[in-house]
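Below is the file entry-v5.pdb, which contains PDB, C-alpha atoms.
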ATOM      1  CA  MET N  19      14.794  -6.713 -16.285  1.00  0.00           C
ATOM      2  CA  GLY N  20      13.303  -6.649 -12.803  1.00  0.00           C
ATOM      3  CA  LYS N  21      11.404  -3.697 -11.453  1.00  0.00           C
ATOM      4  CA  LYS N  22      11.659  -1.900  -8.134  1.00  0.00           C
ATOM      5  CA  ILE N  23       8.509  -2.627  -6.152  1.00  0.00           C
ATOM      6  CA  VAL N  24       7.553  -0.983  -2.885  1.00  0.00           C
ATOM      7  CA  VAL N  25       5.022  -2.839  -0.750  1.00  0.00           C
ATOM      8  CA  LEU N  26       3.215  -0.837   1.925  1.00  0.00           C
ATOM      9  CA  THR N  27       1.261  -2.883   4.462  1.00  0.00           C
ATOM     10  CA  GLY N  28      -1.409  -1.611   6.813  1.00  0.00           C
ATOM     11  CA  SER N  29      -2.005  -4.479   9.206  1.00  0.00           C
ATOM     12  CA  PRO N  30      -0.779  -4.452  12.795  1.00  0.00           C
ATOM     13  CA  ARG N  31      -1.316  -8.220  12.993  1.00  0.00           C
ATOM     14  CA  LYS N  32       1.817 -10.098  11.993  1.00  0.00           C
ATOM     15  CA  GLY N  33       0.861 -13.534  10.776  1.00  0.00           C
ATOM     16  CA  GLY N  34      -2.594 -12.308   9.781  1.00  0.00           C
ATOM     17  CA  ASN N  35      -4.414 -12.826   6.511  1.00  0.00           C
ATOM     18  CA  SER N  36      -3.236  -9.730   4.671  1.00  0.00           C
ATOM     19  CA  PHE N  37       0.340 -10.495   5.773  1.00  0.00           C
ATOM     20  CA  ALA N  38       0.007 -14.003   4.300  1.00  0.00           C
ATOM     21  CA  MET N  39      -1.127 -12.546   0.962  1.00  0.00           C
ATOM     22  CA  THR N  40       1.662  -9.955   1.124  1.00  0.00           C
ATOM     23  CA  ASP N  41       4.248 -12.672   1.691  1.00  0.00           C
ATOM     24  CA  ALA N  42       2.864 -14.692  -1.235  1.00  0.00           C
ATOM     25  CA  PHE N  43       3.063 -11.654  -3.516  1.00  0.00           C
ATOM     26  CA  ILE N  44       6.615 -10.776  -2.444  1.00  0.00           C
ATOM     27  CA  LYS N  45       7.865 -14.339  -2.891  1.00  0.00           C
ATOM     28  CA  ALA N  46       6.395 -14.488  -6.415  1.00  0.00           C
ATOM     29  CA  ALA N  47       7.684 -11.010  -7.346  1.00  0.00           C
ATOM     30  CA  GLU N  48      11.212 -11.806  -6.173  1.00  0.00           C
ATOM     31  CA  ALA N  49      11.111 -15.116  -8.071  1.00  0.00           C
ATOM     32  CA  LYS N  50      10.420 -13.065 -11.211  1.00  0.00           C
ATOM     33  CA  GLY N  51      13.566 -10.994 -10.595  1.00  0.00           C
ATOM     34  CA  HIS N  52      11.919  -7.912  -9.101  1.00  0.00           C
ATOM     35  CA  THR N  53      13.459  -6.078  -6.148  1.00  0.00           C
ATOM     36  CA  VAL N  54      10.929  -5.655  -3.348  1.00  0.00           C
ATOM     37  CA  THR N  55      11.146  -3.205  -0.467  1.00  0.00           C
ATOM     38  CA  ARG N  56       8.518  -3.681   2.229  1.00  0.00           C
ATOM     39  CA  PHE N  57       7.299  -1.132   4.754  1.00  0.00           C
ATOM     40  CA  ASP N  58       4.997  -2.357   7.523  1.00  0.00           C
ATOM     41  CA  THR N  59       3.422   0.990   8.386  1.00  0.00           C
ATOM     42  CA  ALA N  60       1.679  -0.297  11.519  1.00  0.00           C
ATOM     43  CA  PHE N  61       5.106  -0.711  13.130  1.00  0.00           C
ATOM     44  CA  MET N  62       6.457   2.647  12.039  1.00  0.00           C
ATOM     45  CA  ASN N  63       6.149   6.141  13.474  1.00  0.00           C
ATOM     46  CA  ILE N  64       4.257   8.075  10.792  1.00  0.00           C
ATOM     47  CA  GLY N  65       2.225  11.111  11.716  1.00  0.00           C
ATOM     48  CA  GLY N  66      -0.538  12.575   9.608  1.00  0.00           C
ATOM     49  CA  CYS N  67       0.088  15.187   6.947  1.00  0.00           C
ATOM     50  CA  ARG N  68      -0.162  18.709   8.356  1.00  0.00           C
ATOM     51  CA  ALA N  69      -0.685  20.354   4.952  1.00  0.00           C
ATOM     52  CA  CYS N  70       2.132  22.811   5.661  1.00  0.00           C
ATOM     53  CA  GLU N  71       3.298  22.518   2.037  1.00  0.00           C
ATOM     54  CA  THR N  72       6.963  22.710   3.007  1.00  0.00           C
ATOM     55  CA  CYS N  73       7.561  19.260   1.500  1.00  0.00           C
ATOM     56  CA  PHE N  74      11.166  18.633   0.393  1.00  0.00           C
ATOM     57  CA  LYS N  75      12.197  22.171   1.380  1.00  0.00           C
ATOM     58  CA  THR N  76      14.307  20.805   4.236  1.00  0.00           C
ATOM     59  CA  GLY N  77      15.876  18.134   2.034  1.00  0.00           C
ATOM     60  CA  LYS N  78      13.412  15.534   3.320  1.00  0.00           C
ATOM     61  CA  ALA N  79      10.017  14.584   1.949  1.00  0.00           C
ATOM     62  CA  CYS N  80       8.312  15.799   5.131  1.00  0.00           C
ATOM     63  CA  SER N  81       9.463  18.720   7.259  1.00  0.00           C
ATOM     64  CA  PHE N  82       8.076  16.921  10.320  1.00  0.00           C
ATOM     65  CA  ASP N  83      10.681  14.201  10.682  1.00  0.00           C
ATOM     66  CA  ASP N  84       9.210  10.733  11.106  1.00  0.00           C
ATOM     67  CA  ASP N  85       9.526   7.326   9.455  1.00  0.00           C
ATOM     68  CA  PHE N  86       7.865   8.529   6.253  1.00  0.00           C
ATOM     69  CA  ASN N  87      11.176  10.148   5.403  1.00  0.00           C
ATOM     70  CA  THR N  88      12.845   6.719   5.432  1.00  0.00           C
ATOM     71  CA  MET N  89      10.197   5.420   3.024  1.00  0.00           C
ATOM     72  CA  ALA N  90      10.117   8.377   0.637  1.00  0.00           C
ATOM     73  CA  PRO N  91      13.291   7.630  -1.372  1.00  0.00           C
ATOM     74  CA  ALA N  92      12.137   4.067  -2.085  1.00  0.00           C
ATOM     75  CA  ILE N  93       8.655   5.271  -3.053  1.00  0.00           C
ATOM     76  CA  GLU N  94      10.104   7.894  -5.367  1.00  0.00           C
ATOM     77  CA  GLU N  95      12.405   5.373  -7.094  1.00  0.00           C
ATOM     78  CA  ALA N  96       9.802   2.604  -7.327  1.00  0.00           C
ATOM     79  CA  ASP N  97       8.416   1.367 -10.608  1.00  0.00           C
ATOM     80  CA  ALA N  98       5.420  -0.107  -8.787  1.00  0.00           C
ATOM     81  CA  LEU N  99       3.617   0.364  -5.488  1.00  0.00           C
ATOM     82  CA  VAL N 100       1.584  -2.410  -3.886  1.00  0.00           C
ATOM     83  CA  PHE N 101      -0.797  -1.585  -1.043  1.00  0.00           C
ATOM     84  CA  THR N 102      -1.804  -4.474   1.224  1.00  0.00           C
ATOM     85  CA  MET N 103      -4.214  -4.249   4.136  1.00  0.00           C
ATOM     86  CA  PRO N 104      -7.223  -5.590   5.935  1.00  0.00           C
ATOM     87  CA  VAL N 105     -10.340  -3.435   5.793  1.00  0.00           C
ATOM     88  CA  TYR N 106     -10.826  -1.424   8.996  1.00  0.00           C
ATOM     89  CA  TRP N 107     -14.283   0.028   9.482  1.00  0.00           C
ATOM     90  CA  TYR N 108     -14.878  -0.102   5.721  1.00  0.00           C
ATOM     91  CA  SER N 109     -11.733   1.849   4.935  1.00  0.00           C
ATOM     92  CA  VAL N 110      -7.922   1.953   4.895  1.00  0.00           C
ATOM     93  CA  PRO N 111      -6.233   1.317   8.281  1.00  0.00           C
ATOM     94  CA  ALA N 112      -5.018   4.549   9.893  1.00  0.00           C
ATOM     95  CA  GLN N 113      -1.383   3.445   9.965  1.00  0.00           C
ATOM     96  CA  LEU N 114      -1.265   3.071   6.187  1.00  0.00           C
ATOM     97  CA  LYS N 115      -3.501   6.061   5.522  1.00  0.00           C
ATOM     98  CA  ALA N 116      -1.009   8.354   7.276  1.00  0.00           C
ATOM     99  CA  ALA N 117       1.753   7.177   4.910  1.00  0.00           C
ATOM    100  CA  ILE N 118      -0.493   7.592   1.868  1.00  0.00           C
ATOM    101  CA  ASP N 119      -1.487  11.097   2.983  1.00  0.00           C
ATOM    102  CA  LYS N 120       2.167  12.048   3.228  1.00  0.00           C
ATOM    103  CA  MET N 121       2.680  11.005  -0.393  1.00  0.00           C
ATOM    104  CA  TYR N 122       1.131  14.396  -1.098  1.00  0.00           C
ATOM    105  CA  SER N 123       4.680  15.643  -0.611  1.00  0.00           C
ATOM    106  CA  PHE N 124       5.657  14.276  -4.028  1.00  0.00           C
ATOM    107  CA  CYS N 125       2.789  16.112  -5.700  1.00  0.00           C
ATOM    108  CA  ILE N 126       3.345  19.456  -3.979  1.00  0.00           C
ATOM    109  CA  ALA N 127       7.090  19.373  -4.670  1.00  0.00           C
ATOM    110  CA  GLY N 128       6.718  18.228  -8.273  1.00  0.00           C
ATOM    111  CA  ARG N 129       8.727  15.063  -7.642  1.00  0.00           C
ATOM    112  CA  PRO N 130       8.530  11.904  -9.809  1.00  0.00           C
ATOM    113  CA  PHE N 131       5.355  10.166  -8.722  1.00  0.00           C
ATOM    114  CA  SER N 132       3.074   9.571 -11.695  1.00  0.00           C
ATOM    115  CA  GLY N 133       3.475   6.823 -14.251  1.00  0.00           C
ATOM    116  CA  LYS N 134       4.038   4.059 -11.710  1.00  0.00           C
ATOM    117  CA  GLU N 135       2.225   0.758 -11.647  1.00  0.00           C
ATOM    118  CA  ALA N 136       0.074   0.096  -8.605  1.00  0.00           C
ATOM    119  CA  ALA N 137      -1.819  -2.840  -7.129  1.00  0.00           C
ATOM    120  CA  LEU N 138      -4.113  -3.514  -4.182  1.00  0.00           C
ATOM    121  CA  ILE N 139      -4.300  -6.570  -1.945  1.00  0.00           C
ATOM    122  CA  THR N 140      -7.005  -6.518   0.720  1.00  0.00           C
ATOM    123  CA  CYS N 141      -9.265  -8.737   2.772  1.00  0.00           C
ATOM    124  CA  CYS N 142     -12.106  -8.318   5.225  1.00  0.00           C
ATOM    125  CA  GLU N 143     -13.987 -10.154   7.925  1.00  0.00           C
ATOM    126  CA  GLU N 144     -17.444  -9.972   6.403  1.00  0.00           C
ATOM    127  CA  SER N 145     -18.498 -12.242   3.544  1.00  0.00           C
ATOM    128  CA  ASP N 146     -20.080  -9.386   1.571  1.00  0.00           C
ATOM    129  CA  PRO N 147     -17.512  -8.236  -1.031  1.00  0.00           C
ATOM    130  CA  SER N 148     -18.975  -4.711  -1.015  1.00  0.00           C
ATOM    131  CA  VAL N 149     -17.359  -4.252   2.414  1.00  0.00           C
ATOM    132  CA  MET N 150     -14.107  -3.681   0.505  1.00  0.00           C
ATOM    133  CA  ASP N 151     -15.612  -0.929  -1.675  1.00  0.00           C
ATOM    134  CA  GLY N 152     -14.213   1.857   0.528  1.00  0.00           C
ATOM    135  CA  VAL N 153     -10.665   0.566   0.124  1.00  0.00           C
ATOM    136  CA  ARG N 154     -11.116  -0.338  -3.548  1.00  0.00           C
ATOM    137  CA  PHE N 155     -12.669   3.026  -4.463  1.00  0.00           C
ATOM    138  CA  PHE N 156      -9.985   4.922  -2.509  1.00  0.00           C
ATOM    139  CA  PHE N 157      -7.225   2.994  -4.312  1.00  0.00           C
ATOM    140  CA  GLU N 158      -8.767   3.348  -7.773  1.00  0.00           C
ATOM    141  CA  ARG N 159      -9.401   7.092  -7.406  1.00  0.00           C
ATOM    142  CA  THR N 160      -5.890   7.675  -6.038  1.00  0.00           C
ATOM    143  CA  ALA N 161      -4.372   5.753  -8.950  1.00  0.00           C
ATOM    144  CA  ALA N 162      -6.409   7.787 -11.435  1.00  0.00           C
ATOM    145  CA  LEU N 163      -5.536  11.095  -9.761  1.00  0.00           C
ATOM    146  CA  VAL N 164      -1.779  10.568  -9.806  1.00  0.00           C
ATOM    147  CA  ASN N 165      -1.703   8.650 -13.091  1.00  0.00           C
ATOM    148  CA  TRP N 166      -0.701   5.225 -11.801  1.00  0.00           C
ATOM    149  CA  ALA N 167      -1.520   2.183 -13.923  1.00  0.00           C
ATOM    150  CA  ASN N 168      -3.792  -0.053 -11.846  1.00  0.00           C
ATOM    151  CA  VAL N 169      -2.367  -3.477 -12.689  1.00  0.00           C
ATOM    152  CA  GLY N 170      -4.692  -5.453 -10.448  1.00  0.00           C
ATOM    153  CA  GLU N 171      -6.631  -5.923  -7.264  1.00  0.00           C
ATOM    154  CA  VAL N 172      -6.962  -8.917  -4.959  1.00  0.00           C
ATOM    155  CA  LEU N 173     -10.106  -8.616  -2.853  1.00  0.00           C
ATOM    156  CA  VAL N 174     -10.828 -11.484  -0.460  1.00  0.00           C
ATOM    157  CA  PRO N 175     -13.919 -11.354   1.779  1.00  0.00           C
ATOM    158  CA  GLY N 176     -14.827 -13.594   4.701  1.00  0.00           C
ATOM    159  CA  VAL N 177     -11.517 -13.974   6.531  1.00  0.00           C
ATOM    160  CA  LEU N 178     -11.082 -12.915  10.159  1.00  0.00           C
ATOM    161  CA  GLU N 179      -9.060 -15.380  12.188  1.00  0.00           C
ATOM    162  CA  ALA N 180      -5.362 -15.597  11.374  1.00  0.00           C
ATOM    163  CA  GLY N 181      -4.929 -18.411   8.873  1.00  0.00           C
ATOM    164  CA  ALA N 182      -8.448 -18.173   7.444  1.00  0.00           C
ATOM    165  CA  ILE N 183      -6.910 -16.968   4.183  1.00  0.00           C
ATOM    166  CA  GLU N 184      -5.562 -20.497   3.658  1.00  0.00           C
ATOM    167  CA  LYS N 185      -9.149 -21.673   3.064  1.00  0.00           C
ATOM    168  CA  THR N 186      -9.369 -19.323   0.073  1.00  0.00           C
ATOM    169  CA  ASP N 187      -7.365 -18.706  -3.069  1.00  0.00           C
ATOM    170  CA  GLY N 188      -6.240 -15.294  -1.736  1.00  0.00           C
ATOM    171  CA  CYS N 189      -2.546 -16.170  -1.512  1.00  0.00           C
ATOM    172  CA  ALA N 190      -2.614 -17.672  -5.007  1.00  0.00           C
ATOM    173  CA  GLN N 191      -4.306 -14.517  -6.334  1.00  0.00           C
ATOM    174  CA  ALA N 192      -1.690 -12.348  -4.612  1.00  0.00           C
ATOM    175  CA  ALA N 193       1.137 -14.413  -6.095  1.00  0.00           C
ATOM    176  CA  ALA N 194      -0.450 -14.183  -9.552  1.00  0.00           C
ATOM    177  CA  LEU N 195      -0.527 -10.399  -9.210  1.00  0.00           C
ATOM    178  CA  ALA N 196       3.275 -10.467  -9.531  1.00  0.00           C
ATOM    179  CA  ASP N 197       2.787 -11.589 -13.156  1.00  0.00           C
ATOM    180  CA  LYS N 198       1.056  -8.294 -13.933  1.00  0.00           C
ATOM    181  CA  ILE N 199       3.932  -6.054 -12.825  1.00  0.00           C
TER     182      ILE N 199
END
Take the structure I supplied and represent it as structure tokens, if you would.
Amino acid sequence: MGKKIVVLTGSPRKGGNSFAMTDAFIKAAEAKGHTVTRFDTAFMNIGGCRACETCFKTGKACSFDDDFNTMAPAIEEADALVFTMPVYWYSVPAQLKAAIDKMYSFCIAGRPFSGKEAALITCCEESDPSVMDGVRFFFERTAALVNWANVGEVLVPGVLEAGAIEKTDGCAQAAALADKI
């Protein structure tokens, strides 16, 4: 039986390298019978968490109404979450980080959030793989904190120009990640 997978992207560059890996993952996951819902956070209006702790008290995940509230039901129902992004200044892009910060709403409200599977797909410009450590460490610690099963990570260094990912096995790795969910 297929699983419900939510993919959250962090790149504002359509047609970029992380988008290519995301597309490869989604195509493989859907071919396996999974249902995939994709949210491209860079093209959504998501403000940062204000730590007001009024989550779900208005009937919405966030009391400050923005596009996170359209994502929240899918995130809550998901069996697996997949985070895809390029590395920005050795960390998670701000657009995606805002959505991740607002996931605090599930924790504060005691909503179903733990026990999901989670995966990371990321790439960076520099050829040094340690450049991705900030994203990798952030993802791994978050997964441990909220009790997600880390089913895999695709970390591809040395890609900047759109299409550079095609000179690597990044898309093949991303597609293979669908086998682990």
Just want the 8 Å neighbourhood of segment 22-26 of chain N, counted on only C-alpha atoms, with same-chain residues fewer than 4 positions away dropped. Output as a PDB file with C-alpha atoms, in the frame of the given file.
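Produced file part.pdb, reproduced below:
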ATOM      1  CA  HIS N  52      11.919  -7.912  -9.101  1.00  0.00           C
ATOM      2  CA  THR N  53      13.459  -6.078  -6.148  1.00  0.00           C
ATOM      3  CA  VAL N  54      10.929  -5.655  -3.348  1.00  0.00           C
ATOM      4  CA  THR N  55      11.146  -3.205  -0.467  1.00  0.00           C
ATOM      5  CA  ARG N  56       8.518  -3.681   2.229  1.00  0.00           C
ATOM      6  CA  PHE N  57       7.299  -1.132   4.754  1.00  0.00           C
ATOM      7  CA  ASP N  58       4.997  -2.357   7.523  1.00  0.00           C
ATOM      8  CA  THR N  59       3.422   0.990   8.386  1.00  0.00           C
ATOM      9  CA  ALA N  92      12.137   4.067  -2.085  1.00  0.00           C
ATOM     10  CA  ILE N  93       8.655   5.271  -3.053  1.00  0.00           C
ATOM     11  CA  GLU N  95      12.405   5.373  -7.094  1.00  0.00           C
ATOM     12  CA  ALA N  96       9.802   2.604  -7.327  1.00  0.00           C
ATOM     13  CA  ASP N  97       8.416   1.367 -10.608  1.00  0.00           C
ATOM     14  CA  ALA N  98       5.420  -0.107  -8.787  1.00  0.00           C
ATOM     15  CA  LEU N  99       3.617   0.364  -5.488  1.00  0.00           C
ATOM     16  CA  VAL N 100       1.584  -2.410  -3.886  1.00  0.00           C
ATOM     17  CA  PHE N 101      -0.797  -1.585  -1.043  1.00  0.00           C
ATOM     18  CA  THR N 102      -1.804  -4.474   1.224  1.00  0.00           C
ATOM     19  CA  LEU N 114      -1.265   3.071   6.187  1.00  0.00           C
TER      20      LEU N 114
END
Near-Phe86 of chain N list (7 Å; all atoms listed in the file; drop same-chain fewer than 4 positions) as a PyMOL selection string: chain N and resi 64+90+117
Item to complete: Convert the output of the PyMOL selection byres ((chain N and resi 80) around 10) on the shown file into explicit residues, formatted as a PyMOL selection string.
Response: chain N and resi 67-68+70-79+81-87+90+120-124
Can you check which parts of segment 23-112 of chain N lie within 6 Å of segment 147-170 of chain N? Per residue, the shortest pair of atoms and distance in Å to one decimal, counting only C-alpha atoms, sorted by chain and number, as JSON lines.
{"residue": "N:Tyr108", "atom": "CA", "partner": "N:Gly152", "partner_atom": "CA", "distance": 5.6}
{"residue": "N:Ser109", "atom": "CA", "partner": "N:Gly152", "partner_atom": "CA", "distance": 5.1}
{"residue": "N:Val110", "atom": "CA", "partner": "N:Val153", "partner_atom": "CA", "distance": 5.7}
Checklist line | Pairwise distance for atom CA of Ala182 of chain N and atom CA of Phe37 of chain N, rounded to one decimal in Å | finding: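 Computing the Euclidean distance for atom CA of Ala182 of chain N and atom CA of Phe37 of chain N yields 11.8 Å.
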The distance between atom CA of Lys185 of chain N and atom CA of Glu143 of chain N is 13.4 Å
For segment 55-86 of chain N, which lacks atoms in the input, supply N, CA and C atoms and format the output as a JSON list (two decimals), in the frame of the given file.
[["chain", "number", "residue", "atom", "x", "y", "z"],
["N", 55, "THR", "N", 10.90, -3.86, -1.75],
["N", 55, "THR", "CA", 11.15, -3.20, -0.47],
["N", 55, "THR", "C", 9.81, -3.12, 0.24],
["N", 56, "ARG", "N", 9.77, -3.60, 1.47],
["N", 56, "ARG", "CA", 8.52, -3.68, 2.23],
["N", 56, "ARG", "C", 8.56, -2.73, 3.41],
["N", 57, "PHE", "N", 7.47, -2.00, 3.59],
["N", 57, "PHE", "CA", 7.30, -1.13, 4.75],
["N", 57, "PHE", "C", 6.01, -1.53, 5.48],
["N", 58, "ASP", "N", 6.15, -2.01, 6.69],
["N", 58, "ASP", "CA", 5.00, -2.36, 7.52],
["N", 58, "ASP", "C", 4.61, -1.13, 8.34],
["N", 59, "THR", "N", 3.72, -0.32, 7.80],
["N", 59, "THR", "CA", 3.42, 0.99, 8.39],
["N", 59, "THR", "C", 2.87, 0.92, 9.80],
["N", 60, "ALA", "N", 2.24, -0.18, 10.16],
["N", 60, "ALA", "CA", 1.68, -0.30, 11.52],
["N", 60, "ALA", "C", 2.77, -0.34, 12.59],
["N", 61, "PHE", "N", 4.00, -0.62, 12.18],
["N", 61, "PHE", "CA", 5.11, -0.71, 13.13],
["N", 61, "PHE", "C", 6.09, 0.44, 12.96],
["N", 62, "MET", "N", 5.62, 1.47, 12.28],
["N", 62, "MET", "CA", 6.46, 2.65, 12.04],
["N", 62, "MET", "C", 5.82, 3.87, 12.70],
["N", 63, "ASN", "N", 6.63, 4.89, 12.90],
["N", 63, "ASN", "CA", 6.15, 6.14, 13.47],
["N", 63, "ASN", "C", 5.89, 7.12, 12.33],
["N", 64, "ILE", "N", 4.63, 7.20, 11.89],
["N", 64, "ILE", "CA", 4.26, 8.07, 10.79],
["N", 64, "ILE", "C", 3.07, 8.92, 11.24],
["N", 65, "GLY", "N", 3.31, 10.20, 11.35],
["N", 65, "GLY", "CA", 2.22, 11.11, 11.72],
["N", 65, "GLY", "C", 1.44, 11.53, 10.49],
["N", 66, "GLY", "N", 0.29, 12.11, 10.71],
["N", 66, "GLY", "CA", -0.54, 12.58, 9.61],
["N", 66, "GLY", "C", 0.05, 13.80, 8.93],
["N", 67, "CYS", "N", -0.34, 14.00, 7.70],
["N", 67, "CYS", "CA", 0.09, 15.19, 6.95],
["N", 67, "CYS", "C", -0.52, 16.42, 7.59],
["N", 68, "ARG", "N", 0.29, 17.45, 7.74],
["N", 68, "ARG", "CA", -0.16, 18.71, 8.36],
["N", 68, "ARG", "C", -0.46, 19.79, 7.32],
["N", 69, "ALA", "N", -0.37, 19.44, 6.06],
["N", 69, "ALA", "CA", -0.68, 20.35, 4.95],
["N", 69, "ALA", "C", 0.09, 21.67, 5.05],
["N", 70, "CYS", "N", 1.31, 21.60, 5.52],
["N", 70, "CYS", "CA", 2.13, 22.81, 5.66],
["N", 70, "CYS", "C", 2.74, 23.23, 4.33],
["N", 71, "GLU", "N", 2.77, 22.30, 3.38],
["N", 71, "GLU", "CA", 3.30, 22.52, 2.04],
["N", 71, "GLU", "C", 4.76, 22.97, 2.02],
["N", 72, "THR", "N", 5.52, 22.47, 2.99],
["N", 72, "THR", "CA", 6.96, 22.71, 3.01],
["N", 72, "THR", "C", 7.71, 21.44, 2.60],
["N", 73, "CYS", "N", 7.01, 20.55, 1.93],
["N", 73, "CYS", "CA", 7.56, 19.26, 1.50],
["N", 73, "CYS", "C", 8.85, 19.45, 0.70],
["N", 74, "PHE", "N", 9.86, 18.67, 1.04],
["N", 74, "PHE", "CA", 11.17, 18.63, 0.39],
["N", 74, "PHE", "C", 11.96, 19.93, 0.54],
["N", 75, "LYS", "N", 11.45, 20.91, 1.22],
["N", 75, "LYS", "CA", 12.20, 22.17, 1.38],
["N", 75, "LYS", "C", 13.32, 22.06, 2.41],
["N", 76, "THR", "N", 13.25, 21.04, 3.25],
["N", 76, "THR", "CA", 14.31, 20.80, 4.24],
["N", 76, "THR", "C", 15.27, 19.72, 3.78],
["N", 77, "GLY", "N", 15.07, 19.23, 2.54],
["N", 77, "GLY", "CA", 15.88, 18.13, 2.03],
["N", 77, "GLY", "C", 15.25, 16.78, 2.30],
["N", 78, "LYS", "N", 14.15, 16.76, 3.03],
["N", 78, "LYS", "CA", 13.41, 15.53, 3.32],
["N", 78, "LYS", "C", 12.01, 15.67, 2.75],
["N", 79, "ALA", "N", 11.37, 14.55, 2.50],
["N", 79, "ALA", "CA", 10.02, 14.58, 1.95],
["N", 79, "ALA", "C", 9.08, 15.37, 2.85],
["N", 80, "CYS", "N", 9.18, 15.13, 4.16],
["N", 80, "CYS", "CA", 8.31, 15.80, 5.13],
["N", 80, "CYS", "C", 9.15, 16.61, 6.11],
["N", 81, "SER", "N", 8.75, 17.85, 6.32],
["N", 81, "SER", "CA", 9.46, 18.72, 7.26],
["N", 81, "SER", "C", 9.34, 18.23, 8.70],
["N", 82, "PHE", "N", 8.27, 17.50, 8.99],
["N", 82, "PHE", "CA", 8.08, 16.92, 10.32],
["N", 82, "PHE", "C", 8.69, 15.53, 10.28],
["N", 83, "ASP", "N", 9.86, 15.40, 10.84],
["N", 83, "ASP", "CA", 10.68, 14.20, 10.68],
["N", 83, "ASP", "C", 10.07, 12.99, 11.38],
["N", 84, "ASP", "N", 9.67, 12.01, 10.58],
["N", 84, "ASP", "CA", 9.21, 10.73, 11.11],
["N", 84, "ASP", "C", 9.61, 9.65, 10.11],
["N", 85, "ASP", "N", 9.10, 8.46, 10.28],
["N", 85, "ASP", "CA", 9.53, 7.33, 9.46],
["N", 85, "ASP", "C", 9.10, 7.44, 7.99],
["N", 86, "PHE", "N", 8.19, 8.35, 7.67],
["N", 86, "PHE", "CA", 7.86, 8.53, 6.25],
["N", 86, "PHE", "C", 9.11, 8.93, 5.47]]
